[in-house]
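> I am attaching a structure below and will ask some questions about it afterwards.
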Amino acid sequence: MTVPLTHYLALASVLFAVGAAGVLLRRNGISILLGVEIMLNAVNVALVAFARQHGNLDGQVLVFFVMAVAAAEVAVGLALLVAIFRRHQSIDVDRLNVMRW
Amino acid sequence: MEMIVFYAAAVLAVISAGVAVAHRNPVVNVLSLIVTFFCVAVTFALLGASFLAGAQILVYAGAILVLFLFVVMLLNAPTVEGDANERPVQRVGGVLLPLALLAGAAAVLLAVTLAPAAAPVEGTPHALGRLLVGPQLFAFELVSVLLLAALVGAMILVKRKS
């Protein structure tokens, strides 16, 4: 008995909502980046599930590219956080109001 | 059997993702996210994406989360006082928007009737590799340039001005 596609999509939706809540509700920069990672993973689950539904591998190739972009995003994002921490001694994103009008 | 494994992985993934975004200690957040990523790798394996299941563990649990843990330790496990967001707009929106997303997804998933699934294709390294250096070669090369740019950018961002 295989698991139906909708159950995979339901898992992906719940994971995406959890990640979005983390991005919106936290002020710690590291937690916000973790929320983004959860959202990207949720999308990957949906892509692989659709790839199986359609019986080709294009979705899985797209997941491969999402993983590469996520790795690049984390490297740059964490470098930014380290630079911000050096300047402000804090990674509270609400204190980054230097460029605010 | 497949069902039991899937539901166990799904429940564990959602719980650990909740801990990863809700707990105040960044070290706990990162370690809990490792569990989420392993559970996602399990669902990839169930979906016949064996290469991606391996890549998920290598890239996410192996590289990305080690980088996160390294930065958390480098910044001496920074916590933010009163971490929940203070702005009322963001507080309400941060609860309502994910709930709206969930409601929309639930409405679509309950309403839609799916065509019967096509014959499954195994996502073996061989099959994916044929696609990556065949039809997707340009995107594959672009990703290598993107990773190089991210590498150089990260080094410049953390470099101290002497």
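The way I read the labels, and the way they are meant: chains A, B, ... in the order of the structure tokens, residue 1 as the first residue of every chain, and ligand 1 as the first ligand shown, with later ones counted on from there.
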I'd like the neighbourhood of Met73 (chain B) as a PyMOL selection string, where a residue qualifies if any of its atoms comes within 12 Å (using only C-alpha atoms), though same-chain residues fewer than 6 positions away should be ignored.
(chain A and resi 30+82) or (chain B and resi 25-27+30+66-67+79)
> Given the selection you just returned, output its residues as a file containing C-alpha atoms, formatted as a CSV table (one decimal), in the first residue's frame.

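And here is the file that came out, out.csv:
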```
chain,number,residue,atom,x,y,z
A,30,ILE,CA,19.9,32.4,13.1
A,82,VAL,CA,28.8,37.2,11.5
B,25,ASN,CA,18.3,28.2,22.6
B,26,PRO,CA,19.9,28.4,19.1
B,27,VAL,CA,21.9,25.2,19.7
B,30,VAL,CA,20.0,23.6,15.0
B,66,VAL,CA,27.5,22.1,10.6
B,67,LEU,CA,27.9,25.6,9.2
B,79,THR,CA,20.1,34.5,22.3
```
> Need the shell around Val14 (chain A): protein/DNA/RNA residues with any atom at most 7 Å away, counting only C-alpha atoms. Skip same-chain ones fewer than 4 positions apart. Format as a ChimeraX atom specification?
/A:10,18 /B:102
> So which one's closest to Ser90 (chain A), B:Lys161, B:Val11, B:Asn76, B:Leu65? Using only C-alpha atoms, please.
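Nearest candidate to Ser90 (chain A) out of B:Lys161, B:Val11, B:Asn76, B:Leu65: B:Asn76.
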> Find the residues of chain A that sit at most 6 Å from chain B; for each, write down the nearest two atoms and how far apart they are in Å, to one decimal. Count only C-alpha atoms. Sort by chain, then by number going up, and give it as a Markdown table.

```
| residue | atom | partner | partner_atom | distance |
| --- | --- | --- | --- | --- |
| A:Val3 | CA | B:Met3 | CA | 5.8 |
| A:Ala17 | CA | B:Pro98 | CA | 4.6 |
| A:Ala21 | CA | B:Gly94 | CA | 5.4 |
| A:Gly22 | CA | B:Val21 | CA | 5.0 |
| A:Leu24 | CA | B:Gly94 | CA | 4.8 |
| A:Leu25 | CA | B:Gly94 | CA | 5.4 |
| A:Arg26 | CA | B:Ala84 | CA | 5.4 |
| A:Arg27 | CA | B:Asp83 | CA | 5.6 |
| A:Asn28 | CA | B:Val80 | CA | 5.9 |
| A:Arg52 | CA | B:Pro120 | CA | 5.6 |
| A:Gln53 | CA | B:Ala117 | CA | 4.7 |
| A:His54 | CA | B:Ala118 | CA | 5.4 |
| A:Gly55 | CA | B:Ala118 | CA | 4.9 |
| A:Ala72 | CA | B:Ala150 | CA | 5.3 |
| A:Val76 | CA | B:Ala154 | CA | 5.0 |
| A:Ala79 | CA | B:Ala154 | CA | 5.3 |
| A:Ala83 | CA | B:Val158 | CA | 5.6 |
| A:Asp92 | CA | B:Val80 | CA | 5.9 |
```
> Quick one: write out the picked residues with all heavy atoms as a compact mmCIF listing (two decimals), in the first residue's frame?

```txt
# COMPACT_ATOMS: atom_id res chain seq x y z
N VAL A 3 1.75 5.31 -0.12
CA VAL A 3 1.19 6.53 0.47
C VAL A 3 0.70 7.43 -0.67
O VAL A 3 1.41 7.65 -1.64
CB VAL A 3 2.28 7.27 1.28
CG1 VAL A 3 1.69 8.46 1.98
CG2 VAL A 3 2.94 6.33 2.26
N ALA A 17 4.36 25.91 6.52
CA ALA A 17 3.71 26.84 7.44
C ALA A 17 4.55 27.01 8.70
O ALA A 17 4.70 28.13 9.21
CB ALA A 17 2.31 26.35 7.78
N ALA A 21 6.09 30.58 9.89
CA ALA A 21 5.84 31.13 11.22
C ALA A 21 7.16 31.47 11.91
O ALA A 21 7.28 32.52 12.55
CB ALA A 21 5.04 30.13 12.05
N GLY A 22 8.16 30.60 11.75
CA GLY A 22 9.46 30.88 12.36
C GLY A 22 10.09 32.13 11.79
O GLY A 22 10.63 32.96 12.53
N LEU A 24 8.58 34.68 10.46
CA LEU A 24 7.84 35.90 10.79
C LEU A 24 7.89 36.24 12.27
O LEU A 24 7.83 37.41 12.64
CB LEU A 24 6.39 35.75 10.34
CG LEU A 24 6.19 35.74 8.83
CD1 LEU A 24 4.78 35.33 8.51
CD2 LEU A 24 6.47 37.11 8.27
N LEU A 25 7.98 35.21 13.14
CA LEU A 25 7.80 35.48 14.56
C LEU A 25 9.10 35.66 15.32
O LEU A 25 9.10 36.28 16.38
CB LEU A 25 7.01 34.34 15.22
CG LEU A 25 5.54 34.26 14.84
CD1 LEU A 25 4.91 33.01 15.37
CD2 LEU A 25 4.81 35.48 15.35
N ARG A 26 10.21 35.14 14.80
CA ARG A 26 11.45 35.23 15.58
C ARG A 26 12.21 36.50 15.25
O ARG A 26 12.05 37.08 14.17
CB ARG A 26 12.34 34.02 15.26
CG ARG A 26 11.75 32.69 15.64
CD ARG A 26 11.50 32.57 17.13
NE ARG A 26 12.69 32.68 17.94
CZ ARG A 26 13.42 31.65 18.32
NH1 ARG A 26 13.11 30.43 17.97
NH2 ARG A 26 14.50 31.84 19.07
N ARG A 27 13.06 36.92 16.21
CA ARG A 27 13.93 38.06 15.96
C ARG A 27 15.38 37.65 15.90
O ARG A 27 16.24 38.44 15.51
CB ARG A 27 13.76 39.10 17.07
CG ARG A 27 12.49 39.87 16.92
CD ARG A 27 12.44 41.06 17.86
NE ARG A 27 13.45 41.00 18.91
CZ ARG A 27 13.21 41.41 20.15
NH1 ARG A 27 12.03 41.87 20.48
NH2 ARG A 27 14.16 41.35 21.04
N ASN A 28 15.69 36.44 16.31
CA ASN A 28 17.06 35.94 16.25
C ASN A 28 17.40 35.60 14.79
O ASN A 28 16.71 34.81 14.15
CB ASN A 28 17.13 34.69 17.14
CG ASN A 28 18.54 34.21 17.31
OD1 ASN A 28 19.38 34.41 16.44
ND2 ASN A 28 18.81 33.60 18.44
N ARG A 52 7.28 11.90 -8.71
CA ARG A 52 6.84 10.51 -8.76
C ARG A 52 5.46 10.40 -9.42
O ARG A 52 5.22 9.49 -10.20
CB ARG A 52 6.78 9.91 -7.36
CG ARG A 52 6.49 8.41 -7.42
CD ARG A 52 6.23 7.82 -6.07
NE ARG A 52 4.98 8.29 -5.51
CZ ARG A 52 4.40 7.74 -4.45
NH1 ARG A 52 4.97 6.73 -3.84
NH2 ARG A 52 3.27 8.21 -3.98
N GLN A 53 4.58 11.36 -9.09
CA GLN A 53 3.24 11.32 -9.67
C GLN A 53 3.29 11.37 -11.19
O GLN A 53 2.54 10.67 -11.87
CB GLN A 53 2.43 12.51 -9.12
CG GLN A 53 1.09 12.71 -9.75
CD GLN A 53 0.04 11.78 -9.17
OE1 GLN A 53 0.33 11.07 -8.22
NE2 GLN A 53 -1.14 11.76 -9.76
N HIS A 54 4.20 12.19 -11.74
CA HIS A 54 4.26 12.34 -13.20
C HIS A 54 5.20 11.34 -13.85
O HIS A 54 5.31 11.31 -15.08
CB HIS A 54 4.69 13.77 -13.56
CG HIS A 54 3.65 14.79 -13.25
ND1 HIS A 54 2.53 14.95 -14.05
CD2 HIS A 54 3.51 15.66 -12.24
CE1 HIS A 54 1.77 15.90 -13.52
NE2 HIS A 54 2.34 16.33 -12.43
N GLY A 55 5.92 10.57 -13.05
CA GLY A 55 6.74 9.51 -13.63
C GLY A 55 7.93 10.00 -14.42
O GLY A 55 8.38 9.31 -15.33
N ALA A 72 24.25 27.95 -1.06
CA ALA A 72 24.82 29.28 -1.32
C ALA A 72 24.17 30.32 -0.42
O ALA A 72 24.85 31.19 0.16
CB ALA A 72 24.62 29.65 -2.79
N VAL A 76 26.15 32.76 2.44
CA VAL A 76 26.12 34.22 2.43
C VAL A 76 25.36 34.76 3.64
O VAL A 76 25.79 35.73 4.28
CB VAL A 76 25.51 34.73 1.11
CG1 VAL A 76 25.39 36.23 1.14
CG2 VAL A 76 26.37 34.31 -0.05
N ALA A 79 27.44 34.50 6.76
CA ALA A 79 28.52 35.48 6.71
C ALA A 79 28.00 36.87 7.06
O ALA A 79 28.64 37.62 7.81
CB ALA A 79 29.17 35.48 5.32
N ALA A 83 29.09 39.27 10.22
CA ALA A 83 29.49 40.67 10.05
C ALA A 83 28.62 41.59 10.90
O ALA A 83 29.11 42.54 11.53
CB ALA A 83 29.40 41.05 8.57
N ASP A 92 19.92 40.44 16.84
CA ASP A 92 18.51 40.80 16.86
C ASP A 92 18.21 41.60 15.59
O ASP A 92 18.73 42.70 15.41
CB ASP A 92 18.25 41.64 18.12
CG ASP A 92 16.79 42.01 18.24
OD1 ASP A 92 16.06 41.86 17.25
OD2 ASP A 92 16.39 42.45 19.33
```
> With only C-alpha atoms as the counted atoms, please give the residues lying no more than 7 Å from region 33-46 of chain A, apart from itself and same-chain residues fewer than 6 positions off, as a ChimeraX atom specification.
/A:8-9,12-13,15-16,19-20,22-23,63 /B:21
> Let me make sure I understand: among A:Gly29, A:Ala51, A:Thr2, A:Leu11, which one has the smallest atom-to-atom distance to Asp94 (chain A) if we use only C-alpha atoms?
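Looking at the shortest contact to Asp94 (chain A), the residue is A:Gly29.
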> Taking the DSSP secondary structure from the backbone, can you list the residues of region 9-111 of chain B that are alpha helix (DSSP H), as a PyMOL selection string?
chain B and resi 9-22+26-46+50-55+65-74+88-111
